[in-house]
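> Can you keep this structure in mind? I'll have questions shortly.
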Amino acid sequence: MEHARPSRTALRVAMRRAAHQIYDAQPLVFPDPIAVPILGNAYLPEVERTATKLHKPFSVALRAFLVARSRYAEDMLARAVADGATQYVLLGAGLDTFAHRNPHPDLHVFEVDHPATQQWKRELLEGGNLPTPQGLTYAPIDFEHQTLPAQLLAAGFDPHARTFFAWLGVVPYLTHAAFRATLDFIAKSPAGSGVVMDYSQPRSALPFFEQLAHDSLASRVQLAGEPFQLFFTPEEIALELTAFRGIEDLGTPELNARYFSKRTDNLKLLGSAGRLLSAWT
């Protein structure tokens, strides 16, 4: 993300979550009553102006992946809380709204992101008259000058408490060194802690037409100043997760079966590039 600017990719994700609430058929895969209000007058009109584009196959498939990603993360979080997790850390939180919908009264939420993105989010919440909920702590971090453990500790994070981490929409933008440093930090969490992340397969692992879609998306995020850097095949990421157990790595067939079967609209995943993964300490 460019210095002192809120994340453009975070905005695009939030707009697609809002579009899911407005345009997709019931029952929604990911009901989020805050997704529309948080965009407010600043960005919601853009969602409405581009409504016709939302029904193009690539746009539908991308929206499906993003709402499945959020749904899967919160499904896994509920499992972690049932097993005793008391902290939820959103790495690269963007405009995530979970803290405003948190059904777990004893769960403390930490949102980790660049200070510019967090300030932007606070301004949107204020503009929409959406109060900051109890149990939410912002943990601002500038990765050029600060470390994740130090910033979380400064925000009141308890490293001895069972914790669930959501690492969504982040991994493809990292260097491998940054990825390893964060994964190693998560792996040191108390037994029973967990993480959910998404990752993308390398261009070389995709069929021809998916390579074209990859190139189109990569070009757009490059222009937004947030280029893709890191890709894994399922075999490669498994080698990164040797410190974890109970790994679940889901591709398009599994996600469609879990979240998109028997729908009355055409909302479903296509292709094989994006995958979701959960793992436990």
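All residue names refer to the structure tokens as shown: chains lettered A, B, ... in order, residues numbered from 1 in each chain, ligands numbered from 1 in order.
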At a cut-off of 10 Å, using only C-alpha atoms, what residues contact Pro202 (chain A)? Leave out same-chain residues fewer than 2 positions from it and give the result as a list in words.
Pro172, Tyr199, Ser200, Ser204, Ala205, Leu206, Gln211, His214, Gln229, Leu230, Phe231, Phe232, Thr233, Ala273 and Gly274 of chain A
> Can you tell me, as an MDAnalysis selection string, which residues in region 47-254 of chain A count as helix (DSSP H, G or I) by DSSP?
chainID A and resid 47:49 51:55 57:82 98:100 115:127 148:154 171:173 176:187 203:205 208:223 234:240 252:254
> For region 101-146 of chain A against region 77-92 of chain A, with a cut-off of 9 Å and counting only C-alpha atoms, what is the closest atom pair and its distance in Å to one decimal for every residue that makes the cut, ordered by chain and number, as CSV?

residue,atom,partner,partner_atom,distance
A:His104,CA,A:Val81,CA,7.8
A:Asp106,CA,A:Thr86,CA,6.3
A:Leu107,CA,A:Thr86,CA,4.7
A:His108,CA,A:Gln87,CA,4.8
A:Val109,CA,A:Tyr88,CA,4.8
A:Phe110,CA,A:Val89,CA,4.8
A:Glu111,CA,A:Leu90,CA,5.0
A:Val112,CA,A:Leu91,CA,5.0
A:Asp113,CA,A:Gly92,CA,4.8
A:His114,CA,A:Gly92,CA,7.8
> Report as an MDAnalysis selection string all protein, DNA and RNA residues lying within 8 Å of region 40-46 of chain A, evaluated on only C-alpha atoms, omitting residues in the same chain fewer than 6 positions from it.
chainID A and resid 15 124 127:128
> Excluding His100 (chain A) and its own-chain neighbours fewer than 4 positions away, which residues fall within 8 Å of it when counting only C-alpha atoms? Please give them as a count of residues only.
3
> Between CA of Gln134 (chain A) and CA of Ala19 (chain A), what is the spacing in Å?
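It comes out at 27.4 Å.
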> Please, what distance in Å, to one decimal, runs between CA of Ala73 (chain A) and CA of Thr182 (chain A)?
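Straight-line distance from CA of Ala73 (chain A) to CA of Thr182 (chain A) works out to 17.7 Å.
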> Rank nothing, just name the residue among A:Phe244, A:Trp167, A:Phe143, A:Phe209 nearest to Ala93 (chain A), using only C-alpha atoms.
A:Trp167
> Could you give me, as a PyMOL selection string, the residues within 10 Å of Ala181 (chain A), counting only C-alpha atoms and dropping anything in the same chain fewer than 5 positions from it?
chain A and resi 147-148+176+186-187
> Export, as a CSV table (one decimal), in the first residue's frame, the selected residues with N, CA and C atoms.

chain,number,residue,atom,x,y,z
A,147,THR,N,7.2,-3.6,14.0
A,147,THR,CA,7.0,-5.1,13.9
A,147,THR,C,5.6,-5.5,14.5
A,148,LEU,N,5.0,-6.5,13.9
A,148,LEU,CA,3.7,-7.0,14.4
A,148,LEU,C,3.7,-7.3,15.8
A,176,HIS,N,8.3,-13.0,0.6
A,176,HIS,CA,8.3,-14.3,1.3
A,176,HIS,C,8.8,-14.1,2.7
A,186,ILE,N,2.5,-16.4,14.4
A,186,ILE,CA,1.3,-17.1,14.7
A,186,ILE,C,1.5,-18.4,15.3
A,187,ALA,N,2.6,-19.1,14.7
A,187,ALA,CA,2.8,-20.5,15.2
A,187,ALA,C,3.2,-20.6,16.6
> At what distance in Å, to one decimal, does CA of Ile38 (chain A) lie from CA of Pro105 (chain A)?
22.4 Å
> Please list as a PyMOL selection string every residue within 12 Å of Ala51 (chain A), counting only C-alpha atoms and excluding residues in the same chain fewer than 2 positions away.
chain A and resi 15-16+18-20+22-24+44-49+53-56+59-60
> I need the strand (DSSP E) residues of region 47-227 of chain A per DSSP on the backbone, written as a list of chain:residue names.
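Put together, the selection reads A:Gln87, A:Tyr88, A:Val89, A:Leu90, A:Leu91, A:His108, A:Val109, A:Phe110, A:Glu111, A:Val112, A:Asp113, A:Leu136, A:Thr137, A:Tyr138, A:Ala139, A:Pro140, A:Thr163, A:Phe164, A:Phe165, A:Ala166, A:Trp167, A:Gly194, A:Val195, A:Val196, A:Met197, A:Asp198, A:Tyr199, A:Ser200.
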> How about saving the chosen residues, N, CA and C atoms kept, as a compact mmCIF listing (two decimals), in the first residue's frame?

# COMPACT_ATOMS: atom_id res chain seq x y z
N GLN A 87 -9.26 -14.10 21.76
CA GLN A 87 -8.76 -12.97 20.97
C GLN A 87 -8.90 -13.29 19.48
N TYR A 88 -9.27 -12.27 18.71
CA TYR A 88 -9.39 -12.38 17.26
C TYR A 88 -8.56 -11.26 16.66
N VAL A 89 -7.56 -11.63 15.87
CA VAL A 89 -6.66 -10.66 15.26
C VAL A 89 -6.89 -10.65 13.76
N LEU A 90 -7.31 -9.51 13.24
CA LEU A 90 -7.50 -9.33 11.79
C LEU A 90 -6.27 -8.64 11.23
N LEU A 91 -5.48 -9.39 10.48
CA LEU A 91 -4.26 -8.86 9.88
C LEU A 91 -4.59 -8.28 8.52
N HIS A 108 -12.16 -10.49 22.32
CA HIS A 108 -11.53 -9.19 22.07
C HIS A 108 -11.00 -9.17 20.64
N VAL A 109 -11.36 -8.14 19.89
CA VAL A 109 -10.98 -8.04 18.49
C VAL A 109 -9.87 -7.00 18.34
N PHE A 110 -8.79 -7.40 17.65
CA PHE A 110 -7.70 -6.49 17.32
C PHE A 110 -7.65 -6.34 15.80
N GLU A 111 -7.76 -5.11 15.32
CA GLU A 111 -7.64 -4.85 13.89
C GLU A 111 -6.26 -4.26 13.61
N VAL A 112 -5.49 -4.98 12.80
CA VAL A 112 -4.13 -4.57 12.45
C VAL A 112 -4.14 -4.05 11.02
N ASP A 113 -3.67 -2.83 10.84
CA ASP A 113 -3.57 -2.27 9.49
C ASP A 113 -2.73 -1.01 9.53
N LEU A 136 -13.20 -3.78 20.72
CA LEU A 136 -12.40 -3.58 19.51
C LEU A 136 -11.22 -2.68 19.84
N THR A 137 -10.03 -3.12 19.43
CA THR A 137 -8.83 -2.30 19.57
C THR A 137 -8.14 -2.20 18.22
N TYR A 138 -7.85 -0.98 17.80
CA TYR A 138 -7.06 -0.77 16.59
C TYR A 138 -5.58 -0.88 16.94
N ALA A 139 -4.86 -1.66 16.13
CA ALA A 139 -3.42 -1.82 16.31
C ALA A 139 -2.73 -1.33 15.05
N PRO A 140 -2.45 -0.04 14.95
CA PRO A 140 -1.84 0.50 13.73
C PRO A 140 -0.40 0.00 13.57
N THR A 163 -5.78 -17.59 20.55
CA THR A 163 -6.09 -16.53 19.60
C THR A 163 -6.40 -17.11 18.23
N PHE A 164 -7.32 -16.47 17.52
CA PHE A 164 -7.57 -16.82 16.13
C PHE A 164 -7.19 -15.64 15.26
N PHE A 165 -6.46 -15.92 14.18
CA PHE A 165 -5.97 -14.90 13.27
C PHE A 165 -6.67 -15.03 11.92
N ALA A 166 -7.14 -13.92 11.39
CA ALA A 166 -7.65 -13.87 10.01
C ALA A 166 -6.65 -13.07 9.19
N TRP A 167 -6.16 -13.72 8.13
CA TRP A 167 -5.10 -13.13 7.29
C TRP A 167 -5.63 -13.16 5.86
N GLY A 194 -5.51 -20.58 16.05
CA GLY A 194 -5.67 -20.93 14.64
C GLY A 194 -5.50 -19.73 13.73
N VAL A 195 -5.44 -20.02 12.44
CA VAL A 195 -5.32 -18.98 11.43
C VAL A 195 -6.10 -19.40 10.20
N VAL A 196 -6.72 -18.42 9.55
CA VAL A 196 -7.32 -18.64 8.25
C VAL A 196 -6.68 -17.64 7.29
N MET A 197 -6.35 -18.11 6.10
CA MET A 197 -5.74 -17.24 5.10
C MET A 197 -6.22 -17.66 3.72
N ASP A 198 -6.09 -16.74 2.78
CA ASP A 198 -6.27 -17.10 1.38
C ASP A 198 -4.93 -16.93 0.68
N TYR A 199 -4.75 -17.69 -0.37
CA TYR A 199 -3.54 -17.55 -1.17
C TYR A 199 -3.89 -17.85 -2.62
N SER A 200 -2.98 -17.47 -3.49
CA SER A 200 -3.22 -17.65 -4.92
C SER A 200 -2.14 -18.54 -5.53
> Near Ala257 (chain A), counting only C-alpha atoms, which residues have an atom at most 12 Å away, once you skip same-chain residues fewer than 6 positions from it, shown as a list in words?
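Listing them by chain and then by number gives Ala68, Leu250, Gly251, Arg263, Lys268 and Leu269 of chain A.
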> How about saving the chosen residues, N, CA and C atoms kept, as a PDB file, in the first residue's frame?

ATOM      1  N   ALA A  68     -17.170 -15.853   0.218  1.00  0.00           N
ATOM      2  CA  ALA A  68     -16.837 -17.162   0.787  1.00  0.00           C
ATOM      3  C   ALA A  68     -15.674 -17.034   1.754  1.00  0.00           C
ATOM      4  N   LEU A 250      -8.838 -25.497   0.824  1.00  0.00           N
ATOM      5  CA  LEU A 250     -10.035 -25.634   0.003  1.00  0.00           C
ATOM      6  C   LEU A 250      -9.882 -24.901  -1.323  1.00  0.00           C
ATOM      7  N   GLY A 251     -10.236 -25.585  -2.394  1.00  0.00           N
ATOM      8  CA  GLY A 251     -10.281 -24.982  -3.715  1.00  0.00           C
ATOM      9  C   GLY A 251     -11.712 -24.758  -4.165  1.00  0.00           C
ATOM     10  N   ARG A 263     -28.194 -22.668  -5.157  1.00  0.00           N
ATOM     11  CA  ARG A 263     -28.559 -21.255  -5.212  1.00  0.00           C
ATOM     12  C   ARG A 263     -29.483 -21.006  -6.400  1.00  0.00           C
ATOM     13  N   LYS A 268     -21.181 -18.203  -7.814  1.00  0.00           N
ATOM     14  CA  LYS A 268     -20.319 -19.345  -7.538  1.00  0.00           C
ATOM     15  C   LYS A 268     -18.903 -19.008  -7.978  1.00  0.00           C
ATOM     16  N   LEU A 269     -17.957 -19.801  -7.491  1.00  0.00           N
ATOM     17  CA  LEU A 269     -16.566 -19.614  -7.862  1.00  0.00           C
ATOM     18  C   LEU A 269     -16.291 -20.265  -9.205  1.00  0.00           C
TER      19      LEU A 269
END
> My list of candidates is A:Gly246, A:Leu11, A:Thr117, A:Ser272. Which is closest to Phe208 (chain A) when distances are computed with only C-alpha atoms?
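Under the stated criterion, the closest residue is A:Ser272.
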